[in-house]
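Colleague: Before I ask anything, let me first share the structure, which is written out below as structure tokens.
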There are 2 protein chains.
Amino acid sequence: MGTDANRGDVRSTGVIMSTRVRLARNLAGRKFPTHPDPSDRADILAEVRRAIQSLPDGADFVWKDLENEPPLECRILVERHLISRELAEGAGPRAVTFNPGRALAVMVNEEDHLRLQCLLPGLAFHEAHDRANRLDDQLSERLEFAFDPCYGYLTSCPTNVGTGLRVSAMLHLPALVMTRQIEKVFRAVYEMRLAVRGFYGEGTEAFGELYQISNQATCGKSEIDLIDDVEAVVFAIMRYEEKARVELATAERGQLEDRVWRSWGLLRHARRMNSEEAMRHLSSLRLGLALGVFGDLGMPELERLFLYSQPAHLQRLEGRELDSGDRDAARAAFIRKSLGAEAN
Amino acid sequence: MGTDANRGDVRSTGVIMSTRVRLARNLAGRKFPTHPDPSDRADILAEVRRAIQSLPDGADFVWKDLENEPPLECRILVERHLISRELAEGAGPRAVTFNPGRALAVMVNEEDHLRLQCLLPGLAFHEAHDRANRLDDQLSERLEFAFDPCYGYLTSCPTNVGTGLRVSAMLHLPALVMTRQIEKVFRAVYEMRLAVRGFYGEGTEAFGELYQISNQATCGKSEIDLIDDVEAVVFAIMRYEEKARVELATAERGQLEDRVWRSWGLLRHARRMNSEEAMRHLSSLRLGLALGVFGDLGMPELERLFLYSQPAHLQRLEGRELDSGDRDAARAAFIRKSLGAEAN
């Protein structure tokens with residue numbers, strides 16, 4: 001488990017992209033959104049909106065009624081990890097609200113009436129938990145949450161009953177993939193009763209060698225213990241990744257450099273590229289930057305490329321909906337331009 | 001069949017890399033090199049050498065006793081298509097001799113006592129045949145060749161009996177490969193009783209989308225008819241390739257540009273590359289140059305890269321024998337430097 005000092009150190013290695021704490025809450029006496037005959041969704045929406053607006057900083061929160069939001073905007077929110085695919089693609093009154101920095105967000109009428117999250121860059125479980133908790137406390141003064149003295153918070157899916165807490169981190173693990181240790185790591189994670197997911201959460205593929213590690217159980221332990229468990233595992237995986245990177249950077253320097261520079265060459269010159277391939281090459285560059293193979297690019301510029309290479313962001317950048325082939329051409333052009341290779 | 005005028009036109013499209021005419025000859029009354037108890041190889045060598053030296057320009061011919069040649073130099077000669085792999089890897093007295101421009105060459109003690117060839121760039125069957133014939137005439141004034149009034153020239157392998165003639169062209173067919181028409185072309189070639197071979201001749205794989213088309217039969221027709229047959233087929237394939245290129249350059253411009261630029265990016269940035277991959281990417285560049293996708297590079301520079309990316313040439317460039325891994329690194333470095341990308 002890291003002290004604050006080596007946590008700071010950790011953020012800078014870039015293995016842990018972000019940390020997320022999520023709380024599932026439902027309004028007392030109202031049927032779950034997944035109930036065959038749910039409570040009126042518009043009522044729930046209005047009640048939550050009033051509660052948000054009455055927060056001390058409630059006026060700053062952005063409120064998006066997803067029913068009236070263009071599908072492209074909904075997909076943008078998914079790509080920013082502010083809402084789930086399910087909420088984006090759902091129907092009927094549903095919403096998301098978030099603070100100006102987008103660290104705090106609440107989905108309304110997803111699987112539960114409320115899904116609060118705090119999403120922070122790097123390794124920041126306790127900070128994320130503190131902020132999510134503060135929001136939860138403020139909202140619980142304004143809304144009555146379904147809570148059972150024996151079971152804890154009641155949720156639509158039994159796996160969330162109890163604390164309603166899910167904590168997760170997004171890890172960039174290219175060296176464990178390259179050195180073929182990733183499966184071994186996953187087996188250890190499963191044995192700890194944690195889950196590994198892909199880039200867009202539950203049921204999605206890993207893109208760009210990014211993996212989300214999260215808790216499965218949400219009851220039987222205190223919130224702090226749940227968080228400490230996940231943090232310990234995430235911290236250990238981060239150390240494995242760092243060790244694998246050092247191995248690569250010494251014993252397999254040639255292979256590493258070849259991979260990084262090939263990705264650089266393709267990103268700078270390809271004329272068509274799908275998002276999966278783009279993320280794979282951007283992942284190489286991220287690894288190359290971390291290991292000093294390569295210094296032409298800053299990490300913020302790279303994060304921007306990760307974000308805008310995603311389909312919805314790319315289409316908003318282009319100002320129109322594009323079919324898959326046009327997207328691949330637009331993506332390649334955008335990346336080339338960003339990497340200063342337009343003249344070639 | 002091309003007139004001289006459109007032959008000139010043809011050379012410039014770059015589909016036909018080179019033309020070769022080869023004559024198999026054996027000394028009368030001497031056992032073939034492949035005979036279980038062959039005639040003394042050193043005697044044959046000496047006799048042929050005297051004949052070459054007594055030619056009007058014989059003093060200019062380079063003579064290489066391959067028995068005393070380092071293996072790397074033998075492989076260089078294979079990569080320049082001056083000798084076969086079999087001769088390079090053989091044992092005992094054997095030689096190659098060639099004129100200063102390397103267009104004319106004679107292998108001694110390969111499968112036959114003499115294998116004369118004329119190898120010229122572009123489409124030049126009749127010029128190559130004229131020059132090979134002239135050398136054959138000059139040598140036949142100095143050596144008695146095994147010749148049967150009924151069968152023609154006698155050779156070690158029955159497939160060469162008759163004229164002893166093999167004519168071939170090396171074709172660059174990337175558009176037929178990309179548009180998946182290459183198999184259809186091969187079937188037509190086989191039906192014409194011609195053979196398709198890879199880059200290094202009989203029994204070798206096609207590298208860099210280069211294919212050698214040659215006659216199979218060497219008897220039952222005059223030399224001129226044999227050459228005309230091959231030329232007609234080669235000419236037709238060239239036209240198919242050109243047609244496929246025009247199709248690609250219009251209907252599939254995006255796919256074509258993507259392929260060419262990806263190859264450019266990999267050649268300029270990869271840190272390790274085997275010769276098969278290098279030739280594949282150089283093939284893309286060659287196609288890109290021909291179709292004006294791309295103009296940063298001259299065709300002569302590209303030909304030089306093709307030649308020096310081959311293992312033996314690369315090792316001579318480096319001044320030492322290299323294992324396969326070191327060769328791949330040296331090849332990538334050489335190509336990067338040649339393409340002006342060293343700084344990246």
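Numbering starts fresh at 1 for the residues of each chain in the structure tokens, the chains themselves are lettered A, B, ... in the order given, and ligands are numbered from 1 as they appear.
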Please, which residues of chain A lie no more than 8 Å from chain B when the count uses only C-alpha atoms, and can they be set out as an MDAnalysis selection string?

Modeller: chainID A and resid 254:255 257:259 261:262 264:266 268:272

Colleague: Would you kindly return, as a PyMOL selection string, each protein, DNA or RNA residue with an atom no farther than 10 Å from any atom of Val189 of chain B, considering only C-alpha atoms and excluding same-chain residues fewer than 4 positions away?

Modeller: chain B and resi 183-185+193-196+213-215+230+233-234+237

Colleague: Write to file, as an mmCIF file, in the first residue's frame, the residues of the selection just made, with N, CA and C atoms.

Modeller:
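Everything below was put into again-v3.cif:
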data_model
loop_
_atom_site.group_PDB
_atom_site.id
_atom_site.type_symbol
_atom_site.label_atom_id
_atom_site.label_comp_id
_atom_site.auth_asym_id
_atom_site.auth_seq_id
_atom_site.Cartn_x
_atom_site.Cartn_y
_atom_site.Cartn_z
ATOM 1 N N GLU B 183 -3.457 -14.899 -59.342
ATOM 2 C CA GLU B 183 -3.621 -16.344 -59.546
ATOM 3 C C GLU B 183 -4.182 -16.634 -60.937
ATOM 4 N N LYS B 184 -5.087 -15.789 -61.360
ATOM 5 C CA LYS B 184 -5.684 -15.934 -62.688
ATOM 6 C C LYS B 184 -4.596 -15.793 -63.758
ATOM 7 N N VAL B 185 -3.724 -14.828 -63.547
ATOM 8 C CA VAL B 185 -2.620 -14.618 -64.482
ATOM 9 C C VAL B 185 -1.712 -15.851 -64.505
ATOM 10 N N ARG B 193 2.253 -23.031 -71.169
ATOM 11 C CA ARG B 193 3.452 -23.837 -70.916
ATOM 12 C C ARG B 193 4.664 -22.975 -70.563
ATOM 13 N N LEU B 194 4.384 -21.887 -69.878
ATOM 14 C CA LEU B 194 5.479 -21.084 -69.330
ATOM 15 C C LEU B 194 5.518 -21.304 -67.813
ATOM 16 N N ALA B 195 6.620 -20.885 -67.191
ATOM 17 C CA ALA B 195 6.777 -21.091 -65.749
ATOM 18 C C ALA B 195 6.816 -19.749 -65.023
ATOM 19 N N VAL B 196 6.299 -19.761 -63.776
ATOM 20 C CA VAL B 196 6.400 -18.590 -62.902
ATOM 21 C C VAL B 196 7.289 -18.967 -61.731
ATOM 22 N N ILE B 213 8.933 -14.823 -65.165
ATOM 23 C CA ILE B 213 8.191 -15.623 -66.153
ATOM 24 C C ILE B 213 9.206 -16.160 -67.151
ATOM 25 N N SER B 214 9.160 -17.489 -67.417
ATOM 26 C CA SER B 214 10.138 -18.044 -68.359
ATOM 27 C C SER B 214 9.530 -19.191 -69.153
ATOM 28 N N ASN B 215 10.207 -19.557 -70.240
ATOM 29 C CA ASN B 215 9.742 -20.728 -71.008
ATOM 30 C C ASN B 215 10.093 -22.009 -70.270
ATOM 31 N N VAL B 230 7.437 -16.062 -75.232
ATOM 32 C CA VAL B 230 7.583 -15.518 -73.880
ATOM 33 C C VAL B 230 7.318 -14.014 -73.893
ATOM 34 N N VAL B 233 3.625 -13.161 -73.895
ATOM 35 C CA VAL B 233 2.957 -13.362 -72.607
ATOM 36 C C VAL B 233 3.377 -12.289 -71.607
ATOM 37 N N VAL B 234 4.678 -12.031 -71.572
ATOM 38 C CA VAL B 234 5.189 -11.009 -70.650
ATOM 39 C C VAL B 234 4.554 -9.653 -70.964
ATOM 40 N N ILE B 237 0.980 -9.663 -69.704
ATOM 41 C CA ILE B 237 0.902 -9.529 -68.237
ATOM 42 C C ILE B 237 1.197 -8.091 -67.833
#

Colleague: So which one's closest to Pro38 of chain B, B:His113, B:Arg22, B:Lys243, B:Arg131? Using only C-alpha atoms, please.

Modeller: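 Closest residue, counting only C-alpha atoms: B:His113.
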
Colleague: With only C-alpha atoms as the counted atoms, please give the residues lying no more than 12 Å from Arg49 of chain B, apart from itself and same-chain residues fewer than 3 positions off, as JSON, numbers by chain.

Modeller: {"B": [42, 43, 44, 45, 46, 52, 53, 54, 55, 58, 59, 61, 62, 63, 64, 65, 94, 95, 96, 97, 98, 106, 107, 108, 109, 113, 114, 139, 142, 143]}

Colleague: Which parts of segment 17-249 of chain B does DSSP call strand (DSSP E) when run on the backbone here, written out as number ranges by chain?

Modeller: B: 17-25, 62-65, 95-98, 104-108, 114-121, 147-148, 152-153, 165-172, 194-197, 210-215

Colleague: Could you turn the residues from that selection into a file that holds N, CA and C atoms, as a short mmCIF file (atom, residue, chain, number, x, y, z; two decimals), in the first residue's frame?

Modeller:
data_model
loop_
_atom_site.label_atom_id
_atom_site.label_comp_id
_atom_site.auth_asym_id
_atom_site.auth_seq_id
_atom_site.Cartn_x
_atom_site.Cartn_y
_atom_site.Cartn_z
N MET B 17 11.19 -5.44 -64.75
CA MET B 17 12.43 -5.04 -64.11
C MET B 17 13.63 -5.39 -64.98
N SER B 18 13.61 -6.60 -65.53
CA SER B 18 14.77 -7.05 -66.30
C SER B 18 14.38 -8.21 -67.21
N THR B 19 15.22 -8.45 -68.21
CA THR B 19 15.02 -9.52 -69.17
C THR B 19 16.29 -10.35 -69.19
N ARG B 20 16.12 -11.66 -69.31
CA ARG B 20 17.30 -12.51 -69.28
C ARG B 20 17.18 -13.57 -70.38
N VAL B 21 18.27 -13.80 -71.08
CA VAL B 21 18.35 -14.91 -72.02
C VAL B 21 19.51 -15.79 -71.58
N ARG B 22 19.26 -17.08 -71.47
CA ARG B 22 20.30 -18.00 -70.98
C ARG B 22 20.45 -19.16 -71.95
N LEU B 23 21.67 -19.55 -72.22
CA LEU B 23 21.95 -20.69 -73.10
C LEU B 23 22.74 -21.73 -72.31
N ALA B 24 22.29 -23.01 -72.38
CA ALA B 24 23.03 -24.10 -71.73
C ALA B 24 23.90 -24.78 -72.78
N ARG B 25 25.17 -24.90 -72.49
CA ARG B 25 26.11 -25.54 -73.41
C ARG B 25 27.02 -26.50 -72.65
N VAL B 62 35.74 -10.35 -65.95
CA VAL B 62 36.14 -10.72 -64.59
C VAL B 62 35.99 -12.23 -64.47
N TRP B 63 36.96 -12.89 -63.88
CA TRP B 63 36.87 -14.34 -63.67
C TRP B 63 36.89 -14.62 -62.18
N LYS B 64 35.90 -15.35 -61.70
CA LYS B 64 35.87 -15.67 -60.27
C LYS B 64 35.83 -17.17 -60.06
N ASP B 65 36.94 -17.70 -59.53
CA ASP B 65 36.97 -19.11 -59.11
C ASP B 65 36.20 -19.21 -57.81
N ALA B 95 33.14 -21.78 -61.53
CA ALA B 95 33.49 -20.37 -61.72
C ALA B 95 32.34 -19.60 -62.33
N VAL B 96 32.48 -18.28 -62.28
CA VAL B 96 31.63 -17.41 -63.08
C VAL B 96 32.54 -16.36 -63.70
N THR B 97 32.18 -15.95 -64.91
CA THR B 97 32.93 -14.88 -65.54
C THR B 97 31.92 -13.91 -66.12
N PHE B 98 32.22 -12.64 -66.04
CA PHE B 98 31.25 -11.67 -66.57
C PHE B 98 31.98 -10.44 -67.10
N LEU B 104 26.69 -9.63 -69.55
CA LEU B 104 27.04 -10.97 -70.03
C LEU B 104 27.74 -11.74 -68.92
N ALA B 105 27.31 -12.98 -68.72
CA ALA B 105 27.96 -13.81 -67.70
C ALA B 105 27.95 -15.26 -68.15
N VAL B 106 28.95 -16.01 -67.72
CA VAL B 106 28.98 -17.45 -67.98
C VAL B 106 29.28 -18.16 -66.67
N MET B 107 28.37 -19.05 -66.26
CA MET B 107 28.65 -19.94 -65.13
C MET B 107 29.35 -21.17 -65.68
N VAL B 108 30.37 -21.64 -64.98
CA VAL B 108 31.10 -22.84 -65.43
C VAL B 108 30.97 -23.93 -64.38
N LEU B 114 28.71 -25.05 -69.34
CA LEU B 114 28.58 -23.60 -69.48
C LEU B 114 27.12 -23.19 -69.42
N ARG B 115 26.88 -22.12 -68.72
CA ARG B 115 25.57 -21.47 -68.75
C ARG B 115 25.84 -20.00 -69.08
N LEU B 116 25.54 -19.63 -70.33
CA LEU B 116 25.75 -18.24 -70.76
C LEU B 116 24.49 -17.45 -70.45
N GLN B 117 24.64 -16.22 -69.97
CA GLN B 117 23.42 -15.40 -69.86
C GLN B 117 23.68 -13.97 -70.28
N CYS B 118 22.61 -13.35 -70.78
CA CYS B 118 22.62 -11.91 -70.95
C CYS B 118 21.43 -11.36 -70.17
N LEU B 119 21.71 -10.48 -69.24
CA LEU B 119 20.70 -9.91 -68.34
C LEU B 119 20.67 -8.40 -68.55
N LEU B 120 19.51 -7.90 -69.00
CA LEU B 120 19.40 -6.46 -69.29
C LEU B 120 18.22 -5.85 -68.53
N PRO B 121 18.30 -4.58 -68.18
CA PRO B 121 17.15 -3.96 -67.51
C PRO B 121 15.98 -3.77 -68.48
N PHE B 147 26.55 -31.30 -79.56
CA PHE B 147 25.41 -30.97 -80.39
C PHE B 147 25.02 -32.19 -81.19
N ASP B 148 23.73 -32.47 -81.23
CA ASP B 148 23.23 -33.63 -81.97
C ASP B 148 22.32 -33.10 -83.09
N GLY B 152 19.66 -31.43 -81.15
CA GLY B 152 20.16 -30.07 -80.89
C GLY B 152 21.23 -30.11 -79.82
N TYR B 153 21.32 -29.01 -79.05
CA TYR B 153 22.34 -28.96 -77.98
C TYR B 153 21.98 -29.97 -76.90
N LEU B 165 17.90 -23.00 -74.57
CA LEU B 165 17.53 -21.60 -74.33
C LEU B 165 16.50 -21.45 -73.22
N ARG B 166 16.78 -20.57 -72.31
CA ARG B 166 15.71 -20.14 -71.41
C ARG B 166 15.66 -18.61 -71.44
N VAL B 167 14.46 -18.11 -71.68
CA VAL B 167 14.28 -16.66 -71.67
C VAL B 167 13.33 -16.33 -70.54
N SER B 168 13.64 -15.26 -69.85
CA SER B 168 12.78 -14.92 -68.72
C SER B 168 12.75 -13.41 -68.52
N ALA B 169 11.72 -12.98 -67.83
CA ALA B 169 11.63 -11.57 -67.45
C ALA B 169 11.23 -11.52 -65.99
N MET B 170 11.74 -10.51 -65.28
CA MET B 170 11.35 -10.29 -63.89
C MET B 170 10.32 -9.17 -63.90
N LEU B 171 9.12 -9.49 -63.39
CA LEU B 171 8.01 -8.53 -63.44
C LEU B 171 7.62 -8.08 -62.04
N HIS B 172 7.34 -6.82 -61.91
CA HIS B 172 6.85 -6.27 -60.64
C HIS B 172 5.33 -6.12 -60.76
N LEU B 194 4.38 -21.89 -69.88
CA LEU B 194 5.48 -21.08 -69.33
C LEU B 194 5.52 -21.30 -67.81
N ALA B 195 6.62 -20.89 -67.19
CA ALA B 195 6.78 -21.09 -65.75
C ALA B 195 6.82 -19.75 -65.02
N VAL B 196 6.30 -19.76 -63.78
CA VAL B 196 6.40 -18.59 -62.90
C VAL B 196 7.29 -18.97 -61.73
N ARG B 197 8.28 -18.14 -61.46
CA ARG B 197 9.18 -18.43 -60.35
C ARG B 197 9.33 -17.21 -59.47
N LEU B 210 7.68 -9.59 -56.90
CA LEU B 210 8.46 -9.76 -58.13
C LEU B 210 8.32 -11.21 -58.59
N TYR B 211 8.02 -11.40 -59.85
CA TYR B 211 7.82 -12.74 -60.40
C TYR B 211 8.63 -12.88 -61.67
N GLN B 212 9.21 -14.08 -61.82
CA GLN B 212 9.97 -14.37 -63.03
C GLN B 212 9.13 -15.27 -63.93
N ILE B 213 8.93 -14.82 -65.16
CA ILE B 213 8.19 -15.62 -66.15
C ILE B 213 9.21 -16.16 -67.15
N SER B 214 9.16 -17.49 -67.42
CA SER B 214 10.14 -18.04 -68.36
C SER B 214 9.53 -19.19 -69.15
N ASN B 215 10.21 -19.56 -70.24
CA ASN B 215 9.74 -20.73 -71.01
C ASN B 215 10.09 -22.01 -70.27
#

Colleague: For the atom pair atom CA of Arg187 of chain B and atom CA of Cys219 of chain B, what is the interatomic distance in Å to one decimal place?

Modeller: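 Going from atom CA of Arg187 of chain B over to atom CA of Cys219 of chain B, I get 22.5 Å.
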
Colleague: Mind giving me the straight-line distance from atom CA of Ala236 of chain B to atom CA of Glu209 of chain B in Å, one decimal?

Modeller: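 Interatomic distance, atom CA of Ala236 of chain B to atom CA of Glu209 of chain B: 17.3 Å.
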
Colleague: What is the distance, in Å and to one decimal place, between atom CA of Asp40 of chain A and atom CA of Thr155 of chain A?

Modeller: 17.2 Å

Colleague: Return as JSON, numbers by chain the full set of residues in segment 178-247 of chain B whose backbone-based DSSP assignment is helix (DSSP H, G or I).

Modeller: {"B": [178, 182, 183, 184, 185, 186, 187, 188, 189, 190, 191, 223, 224, 225, 226, 227, 228, 229, 230, 231, 232, 233, 234, 235, 236, 237, 238, 239, 240, 241, 242, 243, 244, 245, 246, 247]}

Colleague: Which residue out of A:Ala188, A:Ala88, A:Ala28, A:Ile227 has the minimum interatomic distance to Glu73 of chain A when only C-alpha atoms are used?

Modeller: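 When distances to Glu73 of chain A are compared using only C-alpha atoms, the smallest one comes from A:Ala88.
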